[in-house]
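*Asks:* Take a look at work34.cif, mmCIF, C-alpha atoms:
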data_run
loop_
_atom_site.label_atom_id
_atom_site.label_comp_id
_atom_site.auth_asym_id
_atom_site.auth_seq_id
_atom_site.Cartn_x
_atom_site.Cartn_y
_atom_site.Cartn_z
CA MET A 1 78.03 100.31 98.32
CA ASN A 2 80.29 100.15 95.32
CA ALA A 3 81.53 96.55 95.15
CA ASP A 4 84.85 97.61 93.67
CA VAL A 5 85.91 99.84 96.51
CA ILE A 6 88.91 98.31 98.20
CA PRO A 7 90.00 99.18 101.72
CA VAL A 8 93.66 99.93 102.25
CA SER A 9 95.02 99.24 105.71
CA VAL A 10 98.33 100.56 106.94
CA LEU A 11 100.37 98.28 109.17
CA THR A 12 103.00 100.23 111.01
CA GLY A 13 105.14 99.93 114.12
CA PHE A 14 108.69 100.59 115.12
CA LEU A 15 111.66 98.48 114.02
CA GLY A 16 111.44 94.96 115.36
CA SER A 17 107.96 95.34 116.76
CA GLY A 18 106.57 92.29 114.95
CA LYS A 19 104.78 93.72 111.93
CA THR A 20 106.04 91.12 109.49
CA THR A 21 105.52 88.20 111.86
CA MET A 22 101.91 89.19 112.38
CA LEU A 23 101.29 89.83 108.70
CA ARG A 24 102.77 86.44 107.84
CA HIS A 25 100.29 84.82 110.22
CA LEU A 26 97.36 86.81 108.89
CA LEU A 27 98.07 85.94 105.28
CA ARG A 28 97.77 82.27 106.13
CA GLN A 29 94.18 82.76 107.25
CA PRO A 30 91.45 82.00 104.71
CA GLU A 31 89.80 85.39 105.16
CA PHE A 32 93.04 87.08 104.12
CA SER A 33 93.52 85.00 101.01
CA ARG A 34 92.33 87.87 98.83
CA THR A 35 94.83 90.38 100.14
CA ALA A 36 97.41 92.33 98.19
CA VAL A 37 100.47 93.34 100.15
CA ILE A 38 102.84 96.24 99.72
CA ILE A 39 105.92 96.09 101.88
CA ASN A 40 108.21 99.05 102.27
CA GLU A 41 111.66 98.18 103.44
CA PHE A 42 114.25 100.73 104.35
CA GLY A 43 117.66 99.68 103.20
CA GLU A 44 119.42 98.31 100.22
CA VAL A 45 118.65 94.68 100.90
CA GLY A 46 115.11 93.97 101.92
CA LEU A 47 114.44 90.91 103.99
CA ASP A 48 110.88 91.19 105.19
CA HIS A 49 109.40 90.13 101.87
CA GLU A 50 111.30 86.85 102.15
CA LEU A 51 109.28 86.11 105.27
CA ILE A 52 105.91 86.68 103.69
CA GLU A 53 104.09 83.94 101.89
CA ALA A 54 101.77 85.65 99.48
CA SER A 55 100.82 85.31 95.90
CA GLU A 56 103.70 86.65 93.83
CA ASP A 57 101.52 88.77 91.63
CA SER A 58 99.73 90.54 94.46
CA PHE A 59 102.83 91.21 96.46
CA ILE A 60 104.97 94.27 95.92
CA GLU A 61 108.09 95.33 97.68
CA LEU A 62 108.98 99.01 97.68
CA GLN A 63 112.66 99.27 98.38
CA THR A 64 113.62 102.69 97.14
CA GLY A 65 113.46 104.40 100.48
CA CYS A 66 111.24 105.15 103.37
CA LEU A 67 107.63 105.28 102.29
CA CYS A 68 106.82 108.35 104.31
CA CYS A 69 109.37 110.69 102.83
CA LYS A 70 111.12 109.68 99.63
CA ILE A 71 108.65 107.67 97.66
CA ARG A 72 105.14 108.89 98.27
CA SER A 73 104.68 109.16 94.53
CA ASP A 74 105.95 105.61 94.23
CA LEU A 75 103.22 104.46 96.58
CA ALA A 76 100.52 106.15 94.54
CA GLN A 77 101.98 104.69 91.36
CA THR A 78 102.20 101.24 92.92
CA LEU A 79 98.57 101.39 93.99
CA GLN A 80 97.54 102.45 90.50
CA ASP A 81 99.50 99.56 89.01
CA LEU A 82 97.94 97.15 91.45
CA LEU A 83 94.46 98.33 90.50
CA ARG A 84 95.27 98.06 86.80
CA ARG A 85 96.53 94.52 87.20
CA ARG A 86 93.37 93.62 89.07
CA ASP A 87 91.17 95.19 86.41
CA GLU A 88 93.03 93.36 83.65
CA GLY A 89 92.94 90.05 85.49
CA ARG A 90 96.71 89.91 85.63
CA CYS A 91 96.90 89.11 89.32
CA THR A 92 95.16 87.02 91.92
CA PRO A 93 91.90 88.78 92.73
CA TYR A 94 92.07 90.75 95.95
CA ASP A 95 89.57 92.74 97.94
CA ARG A 96 91.92 94.21 100.50
CA ILE A 97 95.31 95.90 100.40
CA VAL A 98 97.74 95.99 103.32
CA ILE A 99 100.68 98.37 103.30
CA GLU A 100 103.41 97.41 105.72
CA THR A 101 105.53 100.47 106.34
CA SER A 102 109.14 100.51 107.32
CA GLY A 103 109.73 100.72 111.05
CA LEU A 104 110.99 104.26 110.69
CA ALA A 105 108.03 105.58 108.72
CA ASP A 106 105.75 108.38 109.77
CA PRO A 107 102.29 107.06 108.86
CA ALA A 108 100.72 110.49 108.37
CA PRO A 109 102.13 111.22 104.89
CA ILE A 110 101.12 107.73 103.82
CA LEU A 111 97.56 108.37 104.93
CA GLN A 112 97.62 111.69 103.12
CA THR A 113 98.70 109.97 99.92
CA LEU A 114 95.79 107.58 100.22
CA MET A 115 93.44 110.50 100.81
CA THR A 116 94.60 112.86 98.09
CA ASP A 117 95.80 110.96 95.05
CA THR A 118 93.29 111.62 92.30
CA ALA A 119 94.19 108.51 90.31
CA ILE A 120 93.01 106.19 93.07
CA ALA A 121 90.04 108.23 94.21
CA GLY A 122 86.85 106.24 94.12
CA ARG A 123 88.66 102.92 93.98
CA LEU A 124 90.35 102.79 97.37
CA VAL A 125 89.19 103.74 100.81
CA LEU A 126 91.19 104.12 103.99
CA GLY A 127 90.74 100.93 105.96
CA GLY A 128 92.54 101.97 109.10
CA VAL A 129 95.89 102.03 110.78
CA VAL A 130 97.22 99.13 112.83
CA THR A 131 100.33 99.70 114.92
CA THR A 132 102.41 96.98 116.50
CA VAL A 133 104.21 97.67 119.76
CA ASP A 134 106.89 95.46 121.20
CA ALA A 135 106.01 94.78 124.84
CA VAL A 136 109.66 94.22 125.76
CA ASN A 137 111.17 97.36 124.31
CA GLY A 138 108.05 99.46 123.82
CA VAL A 139 108.44 101.67 126.88
CA GLY A 140 112.00 102.57 125.97
CA THR A 141 111.22 103.02 122.31
CA LEU A 142 108.28 105.30 123.04
CA ALA A 143 110.44 107.36 125.37
CA ARG A 144 113.25 107.66 122.87
CA GLU A 145 111.73 107.69 119.40
CA GLU A 146 109.27 110.40 118.42
CA ILE A 147 108.29 108.45 115.32
CA SER A 148 107.20 105.57 117.53
CA GLN A 149 104.92 107.92 119.44
CA LYS A 150 103.36 109.11 116.19
CA GLN A 151 102.85 105.55 114.99
CA VAL A 152 100.88 104.81 118.17
CA ALA A 153 99.06 108.13 118.16
CA VAL A 154 97.52 107.68 114.71
CA ALA A 155 96.52 104.03 115.21
CA ASP A 156 93.00 102.68 114.97
CA ARG A 157 94.21 99.43 116.53
CA ILE A 158 97.31 98.78 118.61
CA VAL A 159 98.75 95.28 118.71
CA LEU A 160 101.04 94.28 121.54
CA THR A 161 103.67 91.74 120.59
CA LYS A 162 106.30 89.71 122.48
CA LEU A 163 104.18 89.60 125.60
CA ASP A 164 105.63 86.21 126.39
CA LEU A 165 108.98 87.94 126.86
CA ALA A 166 107.69 91.01 128.62
CA GLY A 167 108.57 91.68 132.22
CA SER A 168 107.27 94.15 134.70
CA ALA A 169 107.29 96.98 132.19
CA GLU A 170 103.95 95.89 130.77
CA PRO A 171 101.71 97.97 133.09
CA GLU A 172 103.85 101.01 132.36
CA LEU A 173 103.53 100.32 128.65
CA HIS A 174 99.74 100.17 128.89
CA GLY A 175 99.82 103.49 130.68
CA ARG A 176 101.85 105.09 127.93
CA LEU A 177 99.67 103.67 125.17
CA ASP A 178 96.60 104.92 127.00
CA ALA A 179 98.16 108.35 127.28
CA LEU A 180 99.07 108.47 123.61
CA ASN A 181 95.91 107.02 122.12
CA ALA A 182 93.24 105.94 124.53
CA GLY A 183 90.70 105.49 121.79
CA ALA A 184 92.46 102.65 120.00
CA PRO A 185 91.64 99.15 121.25
CA VAL A 186 94.75 97.22 122.29
CA LEU A 187 94.98 93.70 120.92
CA VAL A 188 97.55 91.02 121.60
CA ALA A 189 99.52 88.94 119.12
CA ASP A 190 101.06 85.71 120.32
CA HIS A 191 104.06 84.96 118.10
CA GLY A 192 102.19 86.72 115.33
CA ARG A 193 98.95 84.89 115.95
CA ILE A 194 96.03 87.21 116.41
CA ASP A 195 92.28 87.31 115.93
CA SER A 196 92.29 88.06 112.23
CA GLY A 197 88.76 89.40 112.36
CA ALA A 198 89.66 92.07 114.87
CA VAL A 199 92.94 93.41 113.69
CA PHE A 200 91.94 95.20 110.50
CA ASP A 201 88.29 95.50 111.40
CA THR A 202 88.51 99.15 112.29
CA GLY A 203 84.83 99.61 111.76
CA PHE A 204 84.47 102.21 109.13
CA TYR A 205 84.37 100.03 106.08
CA ASP A 206 84.09 96.27 106.12
CA PRO A 207 84.81 94.79 102.68
CA ARG A 208 82.93 91.60 103.54
CA THR A 209 79.67 93.24 104.53
CA LYS A 210 80.37 96.45 102.59
CA SER A 211 79.00 98.34 105.56
CA THR A 212 80.19 100.87 108.07
CA ASP A 213 80.17 101.00 111.85
CA VAL A 214 80.90 104.56 112.74
CA ARG A 215 80.61 103.90 116.44
CA ALA A 216 83.42 101.37 116.32
CA TRP A 217 85.50 103.63 114.10
CA LEU A 218 85.17 106.61 116.36
CA SER A 219 85.81 104.30 119.31
CA GLU A 220 84.20 104.42 122.69
CA GLU A 221 86.44 107.32 123.56
CA THR A 222 84.11 109.68 121.80
CA HIS A 223 80.98 108.26 123.36
CA ASP A 224 81.77 107.88 127.00
CA HIS A 225 83.46 110.13 129.45
CA VAL A 226 86.31 111.80 127.70
CA HIS A 227 89.39 112.72 129.66
CA ALA A 228 92.33 114.49 128.19
CA ARG A 229 95.42 112.32 128.17
CA HIS A 230 98.94 113.21 127.35
CA ASP A 231 102.31 111.67 126.85
CA GLY A 232 104.98 114.27 126.52
CA ASP A 233 104.04 116.58 123.69
CA ILE A 234 101.30 114.34 122.31
CA LYS A 235 97.86 114.85 123.74
CA THR A 236 94.51 113.23 123.10
CA TYR A 237 91.35 115.05 123.99
CA ALA A 238 87.81 115.58 122.85
CA ILE A 239 85.86 118.73 122.17
CA VAL A 240 82.20 118.19 122.99
CA ARG A 241 79.42 120.57 122.00
CA GLU A 242 75.82 120.07 123.05
CA GLU A 243 74.51 122.72 120.68
CA PRO A 244 74.43 121.94 116.96
CA ILE A 245 77.25 123.49 114.96
CA ARG A 246 76.58 125.50 111.82
CA ALA A 247 78.20 124.04 108.72
CA VAL A 248 80.11 127.23 108.00
CA ALA A 249 81.38 127.30 111.59
CA LEU A 250 82.75 123.79 111.20
CA THR A 251 84.43 124.79 107.94
CA LEU A 252 86.04 127.86 109.48
CA PHE A 253 87.10 125.83 112.50
CA LEU A 254 88.85 123.20 110.40
CA GLU A 255 90.48 125.86 108.23
CA ALA A 256 91.85 127.66 111.28
CA LEU A 257 93.05 124.43 112.83
CA ALA A 258 94.89 123.56 109.64
CA GLU A 259 96.33 127.03 109.24
CA HIS A 260 97.69 127.44 112.73
CA CYS A 261 98.68 123.92 113.69
CA GLY A 262 98.13 121.65 110.71
CA ASP A 263 101.41 119.84 111.13
CA ASP A 264 100.59 119.06 114.72
CA ILE A 265 97.11 117.61 114.23
CA LEU A 266 98.20 114.00 114.08
CA ARG A 267 94.66 112.80 113.67
CA LEU A 268 91.16 114.17 114.07
CA LYS A 269 87.96 112.15 114.12
CA GLY A 270 84.52 113.33 114.99
CA ILE A 271 80.80 113.06 114.73
CA VAL A 272 79.16 116.44 114.41
CA ASN A 273 75.61 117.62 114.85
CA ILE A 274 75.31 120.05 111.97
CA ALA A 275 72.58 122.62 112.60
CA GLU A 276 71.35 122.45 109.01
CA SER A 277 71.10 118.65 109.12
CA SER A 278 70.44 117.62 112.68
CA ASP A 279 68.91 114.24 111.73
CA ARG A 280 71.97 113.16 109.78
CA PRO A 281 75.26 113.63 111.61
CA ALA A 282 78.44 114.38 109.77
CA VAL A 283 81.52 112.27 110.36
CA ILE A 284 84.78 114.11 109.93
CA HIS A 285 88.32 112.82 109.66
CA GLY A 286 91.62 114.53 109.14
CA VAL A 287 95.32 113.85 109.17
CA GLN A 288 97.36 117.00 109.73
CA HIS A 289 95.92 119.59 107.31
CA VAL A 290 94.22 117.06 105.01
CA PHE A 291 90.55 116.32 105.66
CA HIS A 292 88.08 113.99 104.07
CA PRO A 293 84.85 115.62 102.95
CA PRO A 294 82.29 115.00 105.70
CA ALA A 295 80.51 111.66 105.45
CA TRP A 296 76.81 111.96 106.19
CA LEU A 297 75.30 109.13 108.18
CA ASP A 298 71.70 108.12 107.56
CA ARG A 299 71.00 108.39 111.27
CA TRP A 300 72.67 108.88 114.62
CA PRO A 301 74.36 105.71 115.89
CA SER A 302 72.92 106.21 119.40
CA ASP A 303 70.63 108.51 121.35
CA GLU A 304 73.54 110.85 121.98
CA ARG A 305 73.18 113.99 119.88
CA SER A 306 76.15 116.05 120.98
CA SER A 307 79.05 116.78 118.64
CA ARG A 308 82.23 115.00 119.67
CA ILE A 309 85.54 115.73 118.00
CA VAL A 310 88.56 113.75 119.15
CA LEU A 311 91.98 115.21 118.43
CA ILE A 312 95.38 113.63 118.80
CA THR A 313 97.79 116.50 118.71
CA ARG A 314 101.35 117.51 119.33
CA ARG A 315 101.68 120.67 121.40
CA VAL A 316 98.21 121.97 120.54
CA PRO A 317 96.43 123.03 123.73
CA GLN A 318 92.90 121.77 124.24
CA ARG A 319 91.87 125.14 125.64
CA TRP A 320 92.92 126.86 122.41
CA VAL A 321 90.94 124.43 120.27
CA ALA A 322 87.87 124.84 122.49
CA ALA A 323 88.21 128.63 122.48
CA LEU A 324 88.56 128.64 118.70
CA LEU A 325 85.39 126.65 118.15
CA GLY A 326 83.56 128.73 120.75
CA ALA A 327 84.51 132.08 119.21
CA ILE A 328 83.74 130.96 115.66
CA GLY A 329 80.44 129.44 116.71
CA GLU A 330 79.39 132.63 118.45
CA GLU A 331 80.28 134.77 115.46
CA VAL A 332 78.47 132.55 112.97
CA ALA A 333 75.42 132.40 115.23
CA GLY A 334 75.42 136.20 115.33
CA VAL A 335 75.48 136.42 111.54
CA ASN A 336 72.53 134.04 111.26
CA GLN A 337 70.35 135.93 113.72
CA MET B 1 81.70 150.40 117.81
CA SER B 2 80.74 147.47 120.00
CA GLU B 3 83.22 145.56 122.07
CA ALA B 4 84.90 142.32 121.20
CA GLY B 5 83.12 139.50 122.97
CA GLU B 6 84.41 137.49 125.88
CA LEU B 7 84.91 134.41 123.72
CA VAL B 8 87.17 136.38 121.40
CA ARG B 9 89.17 137.61 124.39
CA GLU B 10 89.48 134.05 125.61
CA LEU B 11 90.61 132.95 122.16
CA MET B 12 93.34 135.58 122.09
CA VAL B 13 94.55 134.60 125.57
CA GLU B 14 94.70 130.94 124.59
CA SER B 15 96.31 131.78 121.26
CA LEU B 16 99.26 133.50 122.91
CA ALA B 17 99.75 130.39 125.01
CA ALA B 18 99.40 128.07 122.02
CA TRP B 19 101.88 130.07 119.96
CA ARG B 20 104.24 130.41 122.92
CA VAL B 21 104.26 134.16 122.64
CA ALA B 22 104.86 136.06 125.85
CA GLY B 23 102.33 138.83 126.14
CA SER B 24 99.09 140.01 127.61
CA VAL B 25 95.50 140.53 126.58
CA ALA B 26 93.60 143.32 128.25
CA ARG B 27 90.32 145.07 127.69
CA ALA B 28 90.33 148.80 127.05
CA LEU B 29 87.72 151.07 128.56
CA ASP B 30 85.85 151.20 125.25
CA GLY B 31 85.65 147.40 125.12
CA ALA B 32 88.39 146.81 122.56
CA LEU B 33 90.95 144.11 123.18
CA VAL B 34 94.53 145.22 123.55
CA ILE B 35 97.31 142.71 123.01
CA ALA B 36 100.90 143.47 123.93
CA GLY B 37 103.57 141.00 122.93
CA ALA B 38 106.55 140.47 120.64
CA ARG B 39 107.14 144.25 120.75
CA LYS B 40 103.79 144.83 119.07
CA ASP B 41 100.74 146.69 120.26
CA ILE B 42 97.57 145.27 118.81
CA ARG B 43 94.04 146.52 119.19
CA ILE B 44 91.00 144.48 118.18
CA GLU B 45 87.58 146.05 117.96
CA ARG B 46 84.39 145.83 116.01
CA ALA B 47 84.54 147.65 112.68
CA PRO B 48 82.30 150.69 112.19
CA SER B 49 78.89 149.58 111.01
CA HIS B 50 79.17 151.38 107.66
CA LEU B 51 82.09 149.20 106.63
CA PRO B 52 81.63 145.79 105.04
CA PHE B 53 83.86 144.21 107.66
CA ARG B 54 83.20 142.90 111.12
CA TRP B 55 86.52 143.72 112.74
CA THR B 56 89.28 146.29 112.79
CA VAL B 57 92.73 145.16 113.82
CA THR B 58 95.28 147.87 114.54
CA VAL B 59 98.91 146.81 114.70
CA ASP B 60 101.34 149.50 115.84
CA GLY B 61 98.94 152.20 114.70
CA ARG B 62 98.16 150.69 111.30
CA ASN B 63 94.53 149.70 110.70
CA ARG B 64 93.45 146.63 108.83
CA HIS B 65 89.99 145.16 108.58
CA ALA B 66 88.88 141.58 108.89
CA THR B 67 85.71 139.78 107.90
CA SER B 68 85.73 137.13 110.59
CA VAL B 69 87.32 136.12 113.84
CA VAL B 70 89.39 133.62 111.85
CA ALA B 71 90.81 136.50 109.81
CA VAL B 72 91.47 138.44 113.01
CA LEU B 73 93.37 135.48 114.37
CA ARG B 74 95.48 135.33 111.20
CA GLN B 75 96.37 139.02 111.43
CA VAL B 76 97.28 138.75 115.09
CA ARG B 77 99.47 135.72 114.42
CA GLU B 78 101.19 137.42 111.50
CA ALA B 79 102.00 140.33 113.78
CA LEU B 80 103.19 138.30 116.75
CA ASP B 81 104.70 135.30 115.02
CA PRO B 82 105.79 136.39 111.53
CA GLY B 83 106.75 133.58 109.20
CA TYR B 84 104.75 130.97 111.07
CA PRO B 85 104.27 127.79 109.02
CA ALA B 86 100.69 128.30 107.90
CA ASN B 87 98.93 125.43 106.19
CA ARG B 88 95.90 125.60 103.99
CA VAL B 89 93.26 122.97 104.44
CA ARG B 90 93.38 120.32 101.76
CA ILE B 91 90.32 118.25 101.02
CA ALA B 92 90.85 114.60 100.26
CA VAL B 93 89.69 113.30 96.91
CA THR B 94 88.99 109.85 98.27
CA PRO B 95 85.80 109.49 100.25
CA LEU B 96 85.78 108.52 103.89
CA VAL B 97 82.96 106.15 103.07
CA PRO B 98 82.46 104.60 99.64
CA SER B 99 79.59 106.10 97.73
CA GLN B 100 76.31 104.24 97.50
#
Render the structure in this file as structure tokens.

*Replies:*
Amino acid sequence: MNADVIPVSVLTGFLGSGKTTMLRHLLRQPEFSRTAVIINEFGEVGLDHELIEASEDSFIELQTGCLCCKIRSDLAQTLQDLLRRRDEGRCTPYDRIVIETSGLADPAPILQTLMTDTAIAGRLVLGGVVTTVDAVNGVGTLAREEISQKQVAVADRIVLTKLDLAGSAEPELHGRLDALNAGAPVLVADHGRIDSGAVFDTGFYDPRTKSTDVRAWLSEETHDHVHARHDGDIKTYAIVREEPIRAVALTLFLEALAEHCGDDILRLKGIVNIAESSDRPAVIHGVQHVFHPPAWLDRWPSDERSSRIVLITRRVPQRWVAALLGAIGEEVAGVNQ
Amino acid sequence: MSEAGELVRELMVESLAAWRVAGSVARALDGALVIAGARKDIRIERAPSHLPFRWTVTVDGRNRHATSVVAVLRQVREALDPGYPANRVRIAVTPLVPSQ
């Protein structure tokens, strides 16, 4: 692996859900000593940065607005500046970047910025999304705030906070989290304290070992029995195909998904048995209508050879997605006969 | 002309539901699919074999051809749900996995 590739993790969660408290704890751990932090505060007077103890020169506060809407270009520019400072030795060396979003941010546009900005391509890689959820107010917040639902839906890891204050709502909260994003492991932070190895270790790229664990990244959800879950308009489900899928069929499928419901594909992850390359599965990942090029694994991570595509969507019926892939697959198979 | 397959019929049925368009999908005696909805009459059938297209889509008597079921879907949506917010796929420039 390229030693200079730096994973960028997104730490999100609704207002008051404990993002800053947890980040403050993490940055005190030795393994997080080489971490650059970007904090986005929404409001004229930022406070969160005052609570973070990090090296001054690898700490940046974005205060011009909400990261997801007003200052996406600012984020790209900030990341470029951070890389330049690292290259020129003008900051404490870092091998990880954490972006703490404002509590009102939609993480999807932030992920898209990380995926599509040409100036940072090749230097940064998406490290994963960690979402904090307040165990006291989480049920109410998820019921009331659509942005909170999206923050949970796109997460690779969910961190429950304020459990010491939580009452009987906790089982209900677990049910809602499971409905929104069953694939994301749920961790617990105790006054910000959390297993630092687990929280940003989303599996796909580990900067310490410079290796990938696609099974962990895709989560057990894609490997075991997959049941559709839903919470209001947001639904999580998997499309499973035993037969290999032609590469062109996968391309047409993703194009049609993007065209007809791109805004409502909150996240898509999958491992696909491509007919033209059945020994090397393709891993696919998308956020709304933006997709990474497929990553080709050297081998299958288990004996399972079926294609499994997990979608977290808003108002996109599973039956439509399955019918789309079925009809495209049949047509492409007919052309190849 | 051969008939539209069962999977295409299923896709059209599910598409109406996904787009929240009230309507129906039926099969004509010759095997073509007939969609009625949003005050449109749509007919989907295989294109004649001498044409370099796979499909013919007729909307309110006007024929258009399509090269794939994805293109058929686009034409049907344009007829039933004009102005829908179509997105084009965008491919990320950053890799999912760092290169070797």

*Asks:* At a cut-off of 7 Å, which residues of chain A touch chain B? Count only C-alpha atoms and give the answer as a compact mmCIF listing (two decimals) with C-alpha atoms, in the frame of the given file.

*Replies:*
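Produced file selection_30.txt, reproduced below:
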# COMPACT_ATOMS: atom_id res chain seq x y z
CA MET A 1 78.03 100.31 98.32
CA ASN A 2 80.29 100.15 95.32
CA VAL A 5 85.91 99.84 96.51
CA MET A 115 93.44 110.50 100.81
CA THR A 116 94.60 112.86 98.09
CA ASP A 117 95.80 110.96 95.05
CA THR A 118 93.29 111.62 92.30
CA ALA A 121 90.04 108.23 94.21
CA GLY A 122 86.85 106.24 94.12
CA VAL A 125 89.19 103.74 100.81
CA LEU A 126 91.19 104.12 103.99
CA TYR A 205 84.37 100.03 106.08
CA GLU A 255 90.48 125.86 108.23
CA ALA A 256 91.85 127.66 111.28
CA ALA A 258 94.89 123.56 109.64
CA GLU A 259 96.33 127.03 109.24
CA HIS A 260 97.69 127.44 112.73
CA GLY A 262 98.13 121.65 110.71
CA HIS A 289 95.92 119.59 107.31
CA VAL A 290 94.22 117.06 105.01
CA PHE A 291 90.55 116.32 105.66
CA HIS A 292 88.08 113.99 104.07
CA PRO A 293 84.85 115.62 102.95
CA ALA A 295 80.51 111.66 105.45
CA VAL A 316 98.21 121.97 120.54
CA PRO A 317 96.43 123.03 123.73
CA ARG A 319 91.87 125.14 125.64
CA TRP A 320 92.92 126.86 122.41
CA ALA A 323 88.21 128.63 122.48
CA LEU A 324 88.56 128.64 118.70
CA GLY A 326 83.56 128.73 120.75
CA ALA A 327 84.51 132.08 119.21
CA ILE A 328 83.74 130.96 115.66

*Asks:* Run the PyMOL selection byres ((chain A and resi 239-247) around 7) against the file shown and list the residues it catches, as a ChimeraX atom specification.

*Replies:* /A:237-238,248-251,273-276,306-310,322,329

*Asks:* Work out how far CA of Ser33 in chain A is from CA of Glu100 in chain A, in Å to one decimal.

*Replies:*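 So the two atoms, CA of Glu100 in chain A and CA of Ser33 in chain A, lie 16.6 Å apart.
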
*Asks:* For Ala28 in chain B, work out the shell of residues within 10 Å, counting all atoms listed in the file and skipping chain neighbours fewer than 6 positions away, then give it as a PyMOL selection string.

*Replies:* chain B and resi 3+34+43-45

*Asks:* Have a look at CA of Pro294 in chain A and CA of Ser73 in chain A and let me know their distance in Å, one decimal.

*Replies:* 25.7 Å

*Asks:* Hey, which of A:Glu88, A:Glu145, A:Asp263, A:Glu331 ends up closest to Gly13 in chain A? Count all atoms listed in the file.

*Replies:*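 Looking at the shortest contact to Gly13 in chain A, the residue is A:Glu145.
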